[in-house]
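Data block for query-v2.cif (mmCIF, C-alpha atoms and all ligand atoms):
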```
data_target
#
loop_
_atom_site.group_PDB
_atom_site.id
_atom_site.type_symbol
_atom_site.label_atom_id
_atom_site.label_comp_id
_atom_site.auth_asym_id
_atom_site.auth_seq_id
_atom_site.Cartn_x
_atom_site.Cartn_y
_atom_site.Cartn_z
ATOM 1 C CA MET A 172 58.809 -120.615 -50.103
ATOM 2 C CA LYS A 173 61.841 -118.507 -49.152
ATOM 3 C CA SER A 174 62.848 -118.538 -45.494
ATOM 4 C CA GLY A 175 66.627 -117.950 -45.392
ATOM 5 C CA LYS A 176 68.283 -114.573 -45.933
ATOM 6 C CA PHE A 177 70.179 -113.506 -49.032
ATOM 7 C CA ILE A 178 73.041 -111.014 -48.590
ATOM 8 C CA THR A 179 75.038 -109.643 -51.513
ATOM 9 C CA PHE A 180 78.384 -107.827 -51.639
ATOM 10 C CA GLU A 181 78.930 -105.302 -54.419
ATOM 11 C CA GLY A 182 81.399 -102.640 -55.503
ATOM 12 C CA ILE A 183 83.865 -101.787 -58.231
ATOM 13 C CA ASP A 184 86.940 -104.025 -58.525
ATOM 14 C CA GLY A 185 89.373 -103.268 -55.702
ATOM 15 C CA ALA A 186 86.748 -101.607 -53.468
ATOM 16 C CA GLY A 187 87.450 -104.202 -50.771
ATOM 17 C CA LYS A 188 84.263 -106.278 -50.685
ATOM 18 C CA SER A 189 85.881 -109.758 -50.724
ATOM 19 C CA THR A 190 88.028 -108.809 -47.730
ATOM 20 C CA HIS A 191 84.903 -108.761 -45.541
ATOM 21 C CA ILE A 192 82.965 -111.817 -46.683
ATOM 22 C CA ASN A 193 84.568 -114.320 -44.275
ATOM 23 C CA PHE A 194 84.114 -111.866 -41.428
ATOM 24 C CA VAL A 195 80.374 -111.476 -42.074
ATOM 25 C CA GLN A 196 79.974 -115.218 -42.573
ATOM 26 C CA GLN A 197 81.603 -115.866 -39.196
ATOM 27 C CA LEU A 198 79.445 -113.224 -37.490
ATOM 28 C CA ILE A 199 76.290 -114.948 -38.677
ATOM 29 C CA GLU A 200 77.531 -118.486 -37.981
ATOM 30 C CA ALA A 201 78.411 -117.424 -34.427
ATOM 31 C CA GLN A 202 74.645 -117.024 -33.923
ATOM 32 C CA GLY A 203 74.075 -120.669 -34.921
ATOM 33 C CA ILE A 204 72.853 -119.823 -38.434
ATOM 34 C CA SER A 205 74.201 -121.867 -41.324
ATOM 35 C CA VAL A 206 75.657 -119.707 -44.129
ATOM 36 C CA ILE A 207 76.765 -120.522 -47.657
ATOM 37 C CA ALA A 208 79.316 -118.163 -49.235
ATOM 38 C CA THR A 209 79.290 -118.094 -53.013
ATOM 39 C CA ARG A 210 80.073 -115.779 -55.927
ATOM 40 C CA GLU A 211 79.104 -114.525 -59.362
ATOM 41 C CA PRO A 212 79.876 -115.109 -62.037
ATOM 42 C CA GLY A 213 80.423 -118.637 -60.744
ATOM 43 C CA GLY A 214 79.107 -120.570 -57.778
ATOM 44 C CA THR A 215 78.471 -123.774 -59.764
ATOM 45 C CA GLU A 216 80.679 -125.930 -61.982
ATOM 46 C CA LEU A 217 79.135 -124.457 -65.130
ATOM 47 C CA GLY A 218 79.180 -120.969 -63.615
ATOM 48 C CA GLU A 219 82.904 -121.223 -62.885
ATOM 49 C CA THR A 220 83.538 -122.277 -66.492
ATOM 50 C CA LEU A 221 81.532 -119.270 -67.668
ATOM 51 C CA ARG A 222 83.468 -117.082 -65.216
ATOM 52 C CA SER A 223 86.802 -117.983 -66.722
ATOM 53 C CA ILE A 224 85.447 -117.167 -70.210
ATOM 54 C CA LEU A 225 83.820 -113.920 -69.054
ATOM 55 C CA LEU A 226 86.884 -112.652 -67.207
ATOM 56 C CA ASN A 227 89.330 -113.505 -69.978
ATOM 57 C CA GLN A 228 87.717 -113.293 -73.419
ATOM 58 C CA LYS A 229 86.532 -110.254 -75.312
ATOM 59 C CA MET A 230 82.961 -110.625 -76.589
ATOM 60 C CA HIS A 231 79.932 -108.655 -77.725
ATOM 61 C CA LEU A 232 78.331 -106.693 -74.900
ATOM 62 C CA GLU A 233 75.015 -108.560 -75.211
ATOM 63 C CA THR A 234 76.836 -111.909 -75.177
ATOM 64 C CA GLU A 235 78.571 -110.787 -71.975
ATOM 65 C CA ALA A 236 75.272 -109.769 -70.358
ATOM 66 C CA MET A 237 73.522 -112.993 -71.362
ATOM 67 C CA LEU A 238 76.400 -115.164 -70.109
ATOM 68 C CA MET A 239 76.310 -113.312 -66.764
ATOM 69 C CA PHE A 240 72.618 -114.138 -66.508
ATOM 70 C CA ALA A 241 73.158 -117.720 -67.744
ATOM 71 C CA SER A 242 75.663 -118.244 -64.938
ATOM 72 C CA ARG A 243 73.141 -116.637 -62.555
ATOM 73 C CA ARG A 244 70.286 -118.898 -63.727
ATOM 74 C CA GLU A 245 72.345 -121.980 -62.949
ATOM 75 C CA HIS A 246 73.477 -120.492 -59.642
ATOM 76 C CA LEU A 247 69.873 -119.785 -58.647
ATOM 77 C CA ALA A 248 68.716 -123.275 -59.586
ATOM 78 C CA GLN A 249 71.571 -125.225 -58.034
ATOM 79 C CA VAL A 250 72.594 -123.121 -55.040
ATOM 80 C CA ILE A 251 70.600 -119.999 -54.153
ATOM 81 C CA GLU A 252 66.993 -121.191 -54.336
ATOM 82 C CA PRO A 253 67.566 -124.552 -52.562
ATOM 83 C CA ALA A 254 69.602 -122.882 -49.794
ATOM 84 C CA LEU A 255 67.000 -120.197 -49.104
ATOM 85 C CA ALA A 256 64.180 -122.743 -49.221
ATOM 86 C CA ALA A 257 66.045 -124.830 -46.622
ATOM 87 C CA GLY A 258 66.263 -121.775 -44.336
ATOM 88 C CA LYS A 259 69.993 -121.283 -44.886
ATOM 89 C CA TRP A 260 71.572 -117.894 -45.223
ATOM 90 C CA LEU A 261 73.559 -117.094 -48.296
ATOM 91 C CA ILE A 262 76.270 -114.527 -48.987
ATOM 92 C CA SER A 263 77.064 -113.886 -52.626
ATOM 93 C CA ASP A 264 80.111 -111.938 -53.808
ATOM 94 C CA ARG A 265 78.094 -110.060 -56.490
ATOM 95 C CA PHE A 266 74.639 -110.655 -57.998
ATOM 96 C CA THR A 267 72.382 -108.802 -60.452
ATOM 97 C CA ASP A 268 73.308 -105.289 -59.266
ATOM 98 C CA ALA A 269 76.719 -106.015 -60.835
ATOM 99 C CA SER A 270 75.092 -106.547 -64.239
ATOM 100 C CA PHE A 271 73.288 -103.205 -63.978
ATOM 101 C CA ALA A 272 76.502 -101.497 -62.808
ATOM 102 C CA TYR A 273 79.067 -103.101 -65.178
ATOM 103 C CA GLN A 274 77.107 -103.992 -68.336
ATOM 104 C CA GLY A 275 74.615 -101.121 -67.846
ATOM 105 C CA GLY A 276 76.657 -98.302 -66.272
ATOM 106 C CA GLY A 277 80.128 -99.279 -67.475
ATOM 107 C CA ARG A 278 79.289 -100.531 -70.965
ATOM 108 C CA HIS A 279 75.959 -98.708 -71.593
ATOM 109 C CA LEU A 280 73.726 -101.739 -72.203
ATOM 110 C CA SER A 281 70.162 -100.443 -72.081
ATOM 111 C CA ILE A 282 68.284 -100.700 -68.826
ATOM 112 C CA ASP A 283 65.324 -102.206 -70.715
ATOM 113 C CA LYS A 284 67.448 -105.168 -71.811
ATOM 114 C CA LEU A 285 68.822 -105.633 -68.290
ATOM 115 C CA ASN A 286 65.340 -105.406 -66.785
ATOM 116 C CA ALA A 287 64.133 -108.005 -69.297
ATOM 117 C CA LEU A 288 66.940 -110.400 -68.328
ATOM 118 C CA GLU A 289 66.315 -109.852 -64.618
ATOM 119 C CA ASN A 290 62.560 -110.392 -65.034
ATOM 120 C CA TRP A 291 63.238 -113.596 -66.939
ATOM 121 C CA VAL A 292 65.866 -115.079 -64.616
ATOM 122 C CA HIS A 293 64.602 -114.039 -61.181
ATOM 123 C CA PRO A 294 61.297 -112.178 -61.384
ATOM 124 C CA HIS A 295 60.488 -112.602 -57.697
ATOM 125 C CA LEU A 296 63.817 -112.739 -55.873
ATOM 126 C CA GLN A 297 65.881 -109.807 -54.605
ATOM 127 C CA PRO A 298 68.602 -109.800 -51.939
ATOM 128 C CA ASP A 299 67.452 -109.030 -48.399
ATOM 129 C CA LEU A 300 70.555 -106.916 -47.859
ATOM 130 C CA THR A 301 73.160 -105.527 -50.265
ATOM 131 C CA PHE A 302 76.448 -104.070 -49.051
ATOM 132 C CA LEU A 303 77.866 -101.613 -51.561
ATOM 133 C CA PHE A 304 81.571 -101.052 -50.846
ATOM 134 C CA ASP A 305 82.235 -97.607 -52.218
ATOM 135 C CA VAL A 306 85.607 -95.992 -52.920
ATOM 136 C CA PRO A 307 86.907 -93.424 -55.416
ATOM 137 C CA ILE A 308 88.370 -95.011 -58.552
ATOM 138 C CA SER A 309 91.905 -93.932 -57.618
ATOM 139 C CA VAL A 310 91.751 -95.871 -54.328
ATOM 140 C CA ALA A 311 90.393 -99.013 -55.989
ATOM 141 C CA LYS A 312 93.033 -98.871 -58.712
ATOM 142 C CA ALA A 313 95.875 -98.433 -56.223
ATOM 143 C CA ARG A 314 94.633 -101.467 -54.256
ATOM 144 C CA LEU A 315 94.399 -103.617 -57.381
ATOM 145 C CA ASP A 316 97.752 -102.504 -58.784
ATOM 146 C CA ALA A 317 99.419 -103.401 -55.501
ATOM 147 C CA THR A 318 98.102 -106.944 -55.389
ATOM 148 C CA ARG A 319 97.285 -108.750 -58.604
ATOM 149 C CA THR A 320 97.455 -109.486 -62.313
ATOM 150 C CA LEU A 321 94.457 -107.718 -63.812
ATOM 151 C CA ASP A 322 91.593 -109.540 -65.589
ATOM 152 C CA LYS A 323 89.508 -108.202 -68.503
ATOM 153 C CA PHE A 324 87.278 -106.016 -66.316
ATOM 154 C CA GLU A 325 90.058 -104.812 -64.043
ATOM 155 C CA LYS A 326 91.940 -103.513 -67.107
ATOM 156 C CA GLU A 327 89.093 -101.132 -68.019
ATOM 157 C CA ASP A 328 89.757 -97.379 -67.847
ATOM 158 C CA ALA A 329 88.748 -94.765 -65.284
ATOM 159 C CA GLU A 330 85.685 -93.668 -67.289
ATOM 160 C CA PHE A 331 84.327 -97.245 -67.253
ATOM 161 C CA PHE A 332 84.804 -97.517 -63.495
ATOM 162 C CA ASN A 333 83.364 -94.059 -62.825
ATOM 163 C CA ASN A 334 80.238 -95.012 -64.780
ATOM 164 C CA THR A 335 80.073 -98.384 -63.004
ATOM 165 C CA ARG A 336 80.449 -96.768 -59.592
ATOM 166 C CA ASN A 337 77.813 -94.130 -60.403
ATOM 167 C CA GLU A 338 75.318 -96.776 -61.494
ATOM 168 C CA TYR A 339 75.890 -98.676 -58.228
ATOM 169 C CA LEU A 340 75.296 -95.465 -56.267
ATOM 170 C CA ARG A 341 72.191 -94.686 -58.326
ATOM 171 C CA ARG A 342 70.769 -98.132 -57.554
ATOM 172 C CA ALA A 343 71.562 -97.691 -53.861
ATOM 173 C CA GLN A 344 69.389 -94.561 -53.953
ATOM 174 C CA GLU A 345 66.663 -96.346 -55.909
ATOM 175 C CA PHE A 346 66.520 -99.290 -53.469
ATOM 176 C CA PRO A 347 67.415 -97.785 -50.074
ATOM 177 C CA GLN A 348 65.542 -100.488 -48.164
ATOM 178 C CA ARG A 349 68.075 -103.187 -49.105
ATOM 179 C CA PHE A 350 71.300 -101.254 -49.885
ATOM 180 C CA ARG A 351 73.827 -100.194 -47.263
ATOM 181 C CA VAL A 352 76.614 -98.069 -48.738
ATOM 182 C CA ILE A 353 79.880 -98.737 -46.920
ATOM 183 C CA ASP A 354 82.593 -96.087 -47.068
ATOM 184 C CA SER A 355 85.409 -98.449 -47.952
ATOM 185 C CA THR A 356 88.175 -95.839 -47.761
ATOM 186 C CA ARG A 357 88.229 -96.425 -43.978
ATOM 187 C CA SER A 358 90.342 -98.998 -42.178
ATOM 188 C CA ILE A 359 89.296 -102.654 -42.255
ATOM 189 C CA GLU A 360 88.569 -102.469 -38.489
ATOM 190 C CA GLU A 361 86.264 -99.443 -38.850
ATOM 191 C CA ILE A 362 84.401 -101.142 -41.671
ATOM 192 C CA ARG A 363 84.027 -104.319 -39.608
ATOM 193 C CA ASP A 364 82.436 -102.335 -36.776
ATOM 194 C CA GLU A 365 79.799 -100.977 -39.139
ATOM 195 C CA LEU A 366 79.182 -104.383 -40.735
ATOM 196 C CA ARG A 367 78.786 -105.941 -37.286
ATOM 197 C CA ASP A 368 76.052 -103.431 -36.366
ATOM 198 C CA ILE A 369 74.144 -103.970 -39.597
ATOM 199 C CA VAL A 370 74.346 -107.760 -39.453
ATOM 200 C CA GLU A 371 73.353 -107.892 -35.792
ATOM 201 C CA ASN A 372 70.267 -105.806 -36.621
ATOM 202 C CA LEU A 373 69.393 -108.140 -39.468
ATOM 203 C CA ILE A 374 69.731 -111.193 -37.222
ATOM 204 C CA ALA A 375 67.620 -109.523 -34.523
ATOM 205 C CA SER A 376 64.868 -108.781 -37.058
ATOM 206 C CA LYS A 377 64.589 -112.326 -38.422
HETATM 207 N N1 LIG B 1 89.723 -100.931 -46.042
HETATM 208 C C1 LIG B 1 90.846 -101.298 -46.672
HETATM 209 N N2 LIG B 1 91.961 -100.612 -46.481
HETATM 210 C C2 LIG B 1 93.102 -100.943 -47.119
HETATM 211 N N3 LIG B 1 93.228 -101.980 -47.977
HETATM 212 C C3 LIG B 1 92.141 -102.707 -48.212
HETATM 213 C C4 LIG B 1 90.891 -102.414 -47.574
HETATM 214 N N4 LIG B 1 89.972 -103.310 -48.007
HETATM 215 C C5 LIG B 1 90.619 -104.128 -48.858
HETATM 216 N N5 LIG B 1 91.912 -103.776 -48.982
HETATM 217 C C6 LIG B 1 92.924 -104.414 -49.837
HETATM 218 O O1 LIG B 1 92.588 -104.089 -51.191
HETATM 219 C C7 LIG B 1 92.800 -105.199 -52.042
HETATM 220 C C8 LIG B 1 91.502 -105.508 -52.789
HETATM 221 O O2 LIG B 1 90.540 -105.944 -51.835
HETATM 222 P P1 LIG B 1 89.422 -107.022 -52.215
HETATM 223 O O3 LIG B 1 90.032 -108.189 -52.917
HETATM 224 O O4 LIG B 1 88.617 -107.255 -51.000
HETATM 225 O O5 LIG B 1 88.603 -106.148 -53.257
HETATM 226 P P2 LIG B 1 87.316 -106.534 -54.063
HETATM 227 O O6 LIG B 1 86.425 -105.366 -53.967
HETATM 228 O O7 LIG B 1 86.767 -107.831 -53.630
HETATM 229 O O8 LIG B 1 87.887 -106.614 -55.530
HETATM 230 P P3 LIG B 1 87.437 -107.602 -56.722
HETATM 231 O O9 LIG B 1 85.978 -107.377 -56.918
HETATM 232 O O10 LIG B 1 88.239 -107.145 -57.890
HETATM 233 O O11 LIG B 1 87.768 -108.993 -56.295
HETATM 234 C C9 LIG B 1 93.276 -106.336 -51.149
HETATM 235 O O12 LIG B 1 94.680 -106.397 -51.217
HETATM 236 C C10 LIG B 1 92.846 -105.927 -49.760
HETATM 237 O O13 LIG B 1 93.717 -106.407 -48.749
HETATM 238 C C1 LIG B 2 78.256 -110.750 -61.519
HETATM 239 C C2 LIG B 2 78.890 -109.824 -62.503
HETATM 240 C C3 LIG B 2 80.247 -109.574 -62.464
HETATM 241 N N1 LIG B 2 80.803 -108.739 -63.361
HETATM 242 C C4 LIG B 2 82.256 -108.491 -63.294
HETATM 243 C C5 LIG B 2 82.681 -107.682 -62.112
HETATM 244 C C6 LIG B 2 84.073 -108.163 -61.818
HETATM 245 O O1 LIG B 2 84.989 -107.406 -62.602
HETATM 246 C C7 LIG B 2 84.061 -109.594 -62.313
HETATM 247 C C8 LIG B 2 83.972 -110.588 -61.191
HETATM 248 O O2 LIG B 2 85.152 -110.584 -60.495
HETATM 249 P P1 LIG B 2 85.290 -110.435 -58.891
HETATM 250 O O3 LIG B 2 86.629 -109.829 -58.745
HETATM 251 O O4 LIG B 2 85.238 -111.805 -58.368
HETATM 252 O O5 LIG B 2 84.220 -109.617 -58.337
HETATM 253 O O6 LIG B 2 82.925 -109.721 -63.151
HETATM 254 C C9 LIG B 2 80.035 -108.149 -64.352
HETATM 255 O O7 LIG B 2 80.570 -107.415 -65.188
HETATM 256 N N2 LIG B 2 78.694 -108.393 -64.378
HETATM 257 C C10 LIG B 2 78.092 -109.210 -63.497
HETATM 258 O O8 LIG B 2 76.835 -109.423 -63.572
#
```

Render the structure in this file as C-alpha cells.
Amino acid sequence: MKSGKFITFEGIDGAGKSTHINFVQQLIEAQGISVIATREPGGTELGETLRSILLNQKMHLETEAMLMFASRREHLAQVIEPALAAGKWLISDRFTDASFAYQGGGRHLSIDKLNALENWVHPHLQPDLTFLFDVPISVAKARLDATRTLDKFEKEDAEFFNNTRNEYLRRAQEFPQRFRVIDSTRSIEEIRDELRDIVENLIASK
C-alpha cells in the first residue's frame, strides 16, 4: 500500500529541471520527511547501464522505448515501490511522461504502444506531483551549448524538441491535477519561490 509521495521533474533537455532537485529535496527534508532523489533512465545498477546505452547508441525507436520501460521496471521494483511503501518521499528526475514526450512526441511512437507499455509496467502508479520545466527551444539550446558535451538526445534538432515540448504541454493539460508547469525562463530565485509554495502546500495536504 502506497503511503509516501512521488514527485517527478520533467522538461526538454536544458530546461533547468536538475538545477532544482536538491533544493526541493532539502525543502522536504527540512520538514523531517525522508526523501530519495533518483533518475531515469537509471536509478539502479542495471538502469544506469541501460542509461549509458540509451544516451549513446543509435537504435530502433521501439527498442529505445522498451529499454526506457525496462529501466523503469527495475527502478520501480528496486527503488520506487519499496520507498513509497515505507512512507518515504521520492523525487525522480524524469519518469513515464518523458517516454510520452520524447519517444511519442519527439520520435512519433504511437500513443497506443506507449499506453500499452505504461499499463504493463505500472498500471496503478502515477506521480503525485509533476513539475514540468518549460522553456522555448532556443533558451534550452543556449543553456546546453554553454555547459556540456551533448548526448544522443541533446543532439536532436529543433523540430524534435518542439514536438517533445508540445507533447509535455499537452500532457500537462490532460492531467492538470498532478502537473505544475514552471516557467523556467525566469531566474533561479523566482523559480525557487514558486517551487517552495507548491511543495509547502503538498506537505500541508499530506
Ligand atoms: N532559470 C535559469 N536561468 C539561467 N540558467 C539556468 C536556469 N536553470 C538552469 N540553468 C542553467 O542551464 C543549464 C542546464 O540546466 P539543468 O542541467 O538543470 O537542465 P536540465 O533540464 O536538467 O537538462 P537535462 O535534462 O539535459 O539534464 C545549467 O548550466 C544551469 O545552471
Ligand atoms: C526517462 C526518459 C528519458 N529520455 C531521455 C531524455 C533525456 O534526453 C535523457 C535523460 O537525460 P537527462 O539529461 O538526465 O534528463 O533521456 C527519453 O527519451 N525517454 C524516457 O522515458

What is the atom CA of Ile308 of chain A-atom CA of Gly185 of chain A distance in Å, reported with one decimal?
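Straight-line distance from atom CA of Ile308 of chain A to atom CA of Gly185 of chain A works out to 8.8 Å.
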
Between A:Thr301, A:Ser223, A:Asn290, A:Ser242, which one has atoms that come closest to Arg349 of chain A, using only C-alpha atoms?
A:Thr301

Selection near segment 361-376 of chain A, 10 Å with all atoms listed in the file, sequence-local residues under 3 positions removed, as a PyMOL selection string
chain A and resi 176+178+191+194-196+198-199+202+204+299-300+302+304+351+353-358

Using the chain letters and numbers from the file, which residues does the PyMOL selection byres (((not hetatm)) within 10 of (chain B and resi 1)) grab, as a PDB file with C-alpha atoms, keeping the file's coordinate frame?
```pdb
ATOM      1  CA  PHE A 180      78.384-107.827 -51.639  1.00  0.00           C
ATOM      2  CA  GLU A 181      78.930-105.302 -54.419  1.00  0.00           C
ATOM      3  CA  GLY A 182      81.399-102.640 -55.503  1.00  0.00           C
ATOM      4  CA  ILE A 183      83.865-101.787 -58.231  1.00  0.00           C
ATOM      5  CA  ASP A 184      86.940-104.025 -58.525  1.00  0.00           C
ATOM      6  CA  GLY A 185      89.373-103.268 -55.702  1.00  0.00           C
ATOM      7  CA  ALA A 186      86.748-101.607 -53.468  1.00  0.00           C
ATOM      8  CA  GLY A 187      87.450-104.202 -50.771  1.00  0.00           C
ATOM      9  CA  LYS A 188      84.263-106.278 -50.685  1.00  0.00           C
ATOM     10  CA  SER A 189      85.881-109.758 -50.724  1.00  0.00           C
ATOM     11  CA  THR A 190      88.028-108.809 -47.730  1.00  0.00           C
ATOM     12  CA  HIS A 191      84.903-108.761 -45.541  1.00  0.00           C
ATOM     13  CA  ILE A 192      82.965-111.817 -46.683  1.00  0.00           C
ATOM     14  CA  ASP A 264      80.111-111.938 -53.808  1.00  0.00           C
ATOM     15  CA  ARG A 265      78.094-110.060 -56.490  1.00  0.00           C
ATOM     16  CA  LEU A 303      77.866-101.613 -51.561  1.00  0.00           C
ATOM     17  CA  PHE A 304      81.571-101.052 -50.846  1.00  0.00           C
ATOM     18  CA  ASP A 305      82.235 -97.607 -52.218  1.00  0.00           C
ATOM     19  CA  VAL A 306      85.607 -95.992 -52.920  1.00  0.00           C
ATOM     20  CA  VAL A 310      91.751 -95.871 -54.328  1.00  0.00           C
ATOM     21  CA  ALA A 311      90.393 -99.013 -55.989  1.00  0.00           C
ATOM     22  CA  LYS A 312      93.033 -98.871 -58.712  1.00  0.00           C
ATOM     23  CA  ALA A 313      95.875 -98.433 -56.223  1.00  0.00           C
ATOM     24  CA  ARG A 314      94.633-101.467 -54.256  1.00  0.00           C
ATOM     25  CA  LEU A 315      94.399-103.617 -57.381  1.00  0.00           C
ATOM     26  CA  ASP A 316      97.752-102.504 -58.784  1.00  0.00           C
ATOM     27  CA  ALA A 317      99.419-103.401 -55.501  1.00  0.00           C
ATOM     28  CA  THR A 318      98.102-106.944 -55.389  1.00  0.00           C
ATOM     29  CA  ARG A 319      97.285-108.750 -58.604  1.00  0.00           C
ATOM     30  CA  LEU A 321      94.457-107.718 -63.812  1.00  0.00           C
ATOM     31  CA  ASP A 322      91.593-109.540 -65.589  1.00  0.00           C
ATOM     32  CA  PHE A 324      87.278-106.016 -66.316  1.00  0.00           C
ATOM     33  CA  GLU A 325      90.058-104.812 -64.043  1.00  0.00           C
ATOM     34  CA  ASP A 354      82.593 -96.087 -47.068  1.00  0.00           C
ATOM     35  CA  SER A 355      85.409 -98.449 -47.952  1.00  0.00           C
ATOM     36  CA  THR A 356      88.175 -95.839 -47.761  1.00  0.00           C
ATOM     37  CA  ARG A 357      88.229 -96.425 -43.978  1.00  0.00           C
ATOM     38  CA  SER A 358      90.342 -98.998 -42.178  1.00  0.00           C
ATOM     39  CA  ILE A 359      89.296-102.654 -42.255  1.00  0.00           C
ATOM     40  CA  GLU A 360      88.569-102.469 -38.489  1.00  0.00           C
ATOM     41  CA  GLU A 361      86.264 -99.443 -38.850  1.00  0.00           C
ATOM     42  CA  ILE A 362      84.401-101.142 -41.671  1.00  0.00           C
ATOM     43  CA  ARG A 363      84.027-104.319 -39.608  1.00  0.00           C
TER      44      ARG A 363
END
```

Let me have the centre and edge lengths of the axis-aligned box enclosing all listed atoms of ligand LIG 2 (chain B) with 3 Å padding on every side, in Å to one decimal, as JSON.
```
{"center_x": 81.7, "center_y": -109.6, "center_z": -61.8, "size_x": 15.8, "size_y": 10.4, "size_z": 12.9}
```

Atom CA of Gly218 of chain A and atom CA of Ser263 of chain A are how many Å apart?
13.2 Å

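Among the candidates A:Ser281, A:Thr320, A:Asn286, A:Ser270, the one nearest to ligand LIG 2 (chain B) when counting all atoms listed in the file is A:Ser270.
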
Quick one: residues within 12 Å of Gln297 of chain A, all atoms listed in the file counted, chain neighbours fewer than 6 positions away excluded, as JSON, numbers by chain?
{"A": [173, 176, 177, 178, 179, 247, 251, 252, 255, 266, 267, 268, 289, 290, 346, 348, 349, 350]}

Separation of atom CA of Ala208 of chain A from atom CA of Leu261 of chain A in Å
5.9 Å

Considering only C-alpha atoms, can you say which of A:Lys377, A:His231, A:Arg336, A:His246 comes closest to Leu280 of chain A?
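Between A:Lys377, A:His231, A:Arg336, A:His246, the residue approaching Leu280 of chain A most closely is A:His231.
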
Starting from the point (73.5, -101.5, -70.3), work out which residues of protein, DNA or RNA have an atom no more than 12 Å away when counting only C-alpha atoms; state them as JSON, numbers by chain.
{"A": [232, 233, 234, 235, 236, 237, 268, 269, 270, 271, 272, 273, 274, 275, 276, 277, 278, 279, 280, 281, 282, 283, 284, 285, 286, 287, 288, 334, 335, 338]}

Nearest candidate to ligand LIG 2 (chain B) (options A:Ala256, A:Leu226, A:Ala343, A:Val250; using only C-alpha atoms and all ligand atoms):
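So, comparing all the options, the nearest one is A:Leu226.
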
Which is closer to ligand LIG 2 (chain B) than all the others in A:Val352, A:Leu225, A:Leu296, A:Ala329, using all atoms listed in the file?
A:Leu225

Given only C-alpha atoms and all ligand atoms as the basis, pick out the residue of A:Val292, A:Ala257, A:Met239, A:Val206 nearest to ligand LIG 2 (chain B).
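When distances to ligand LIG 2 (chain B) are compared using only C-alpha atoms and all ligand atoms, the smallest one comes from A:Met239.
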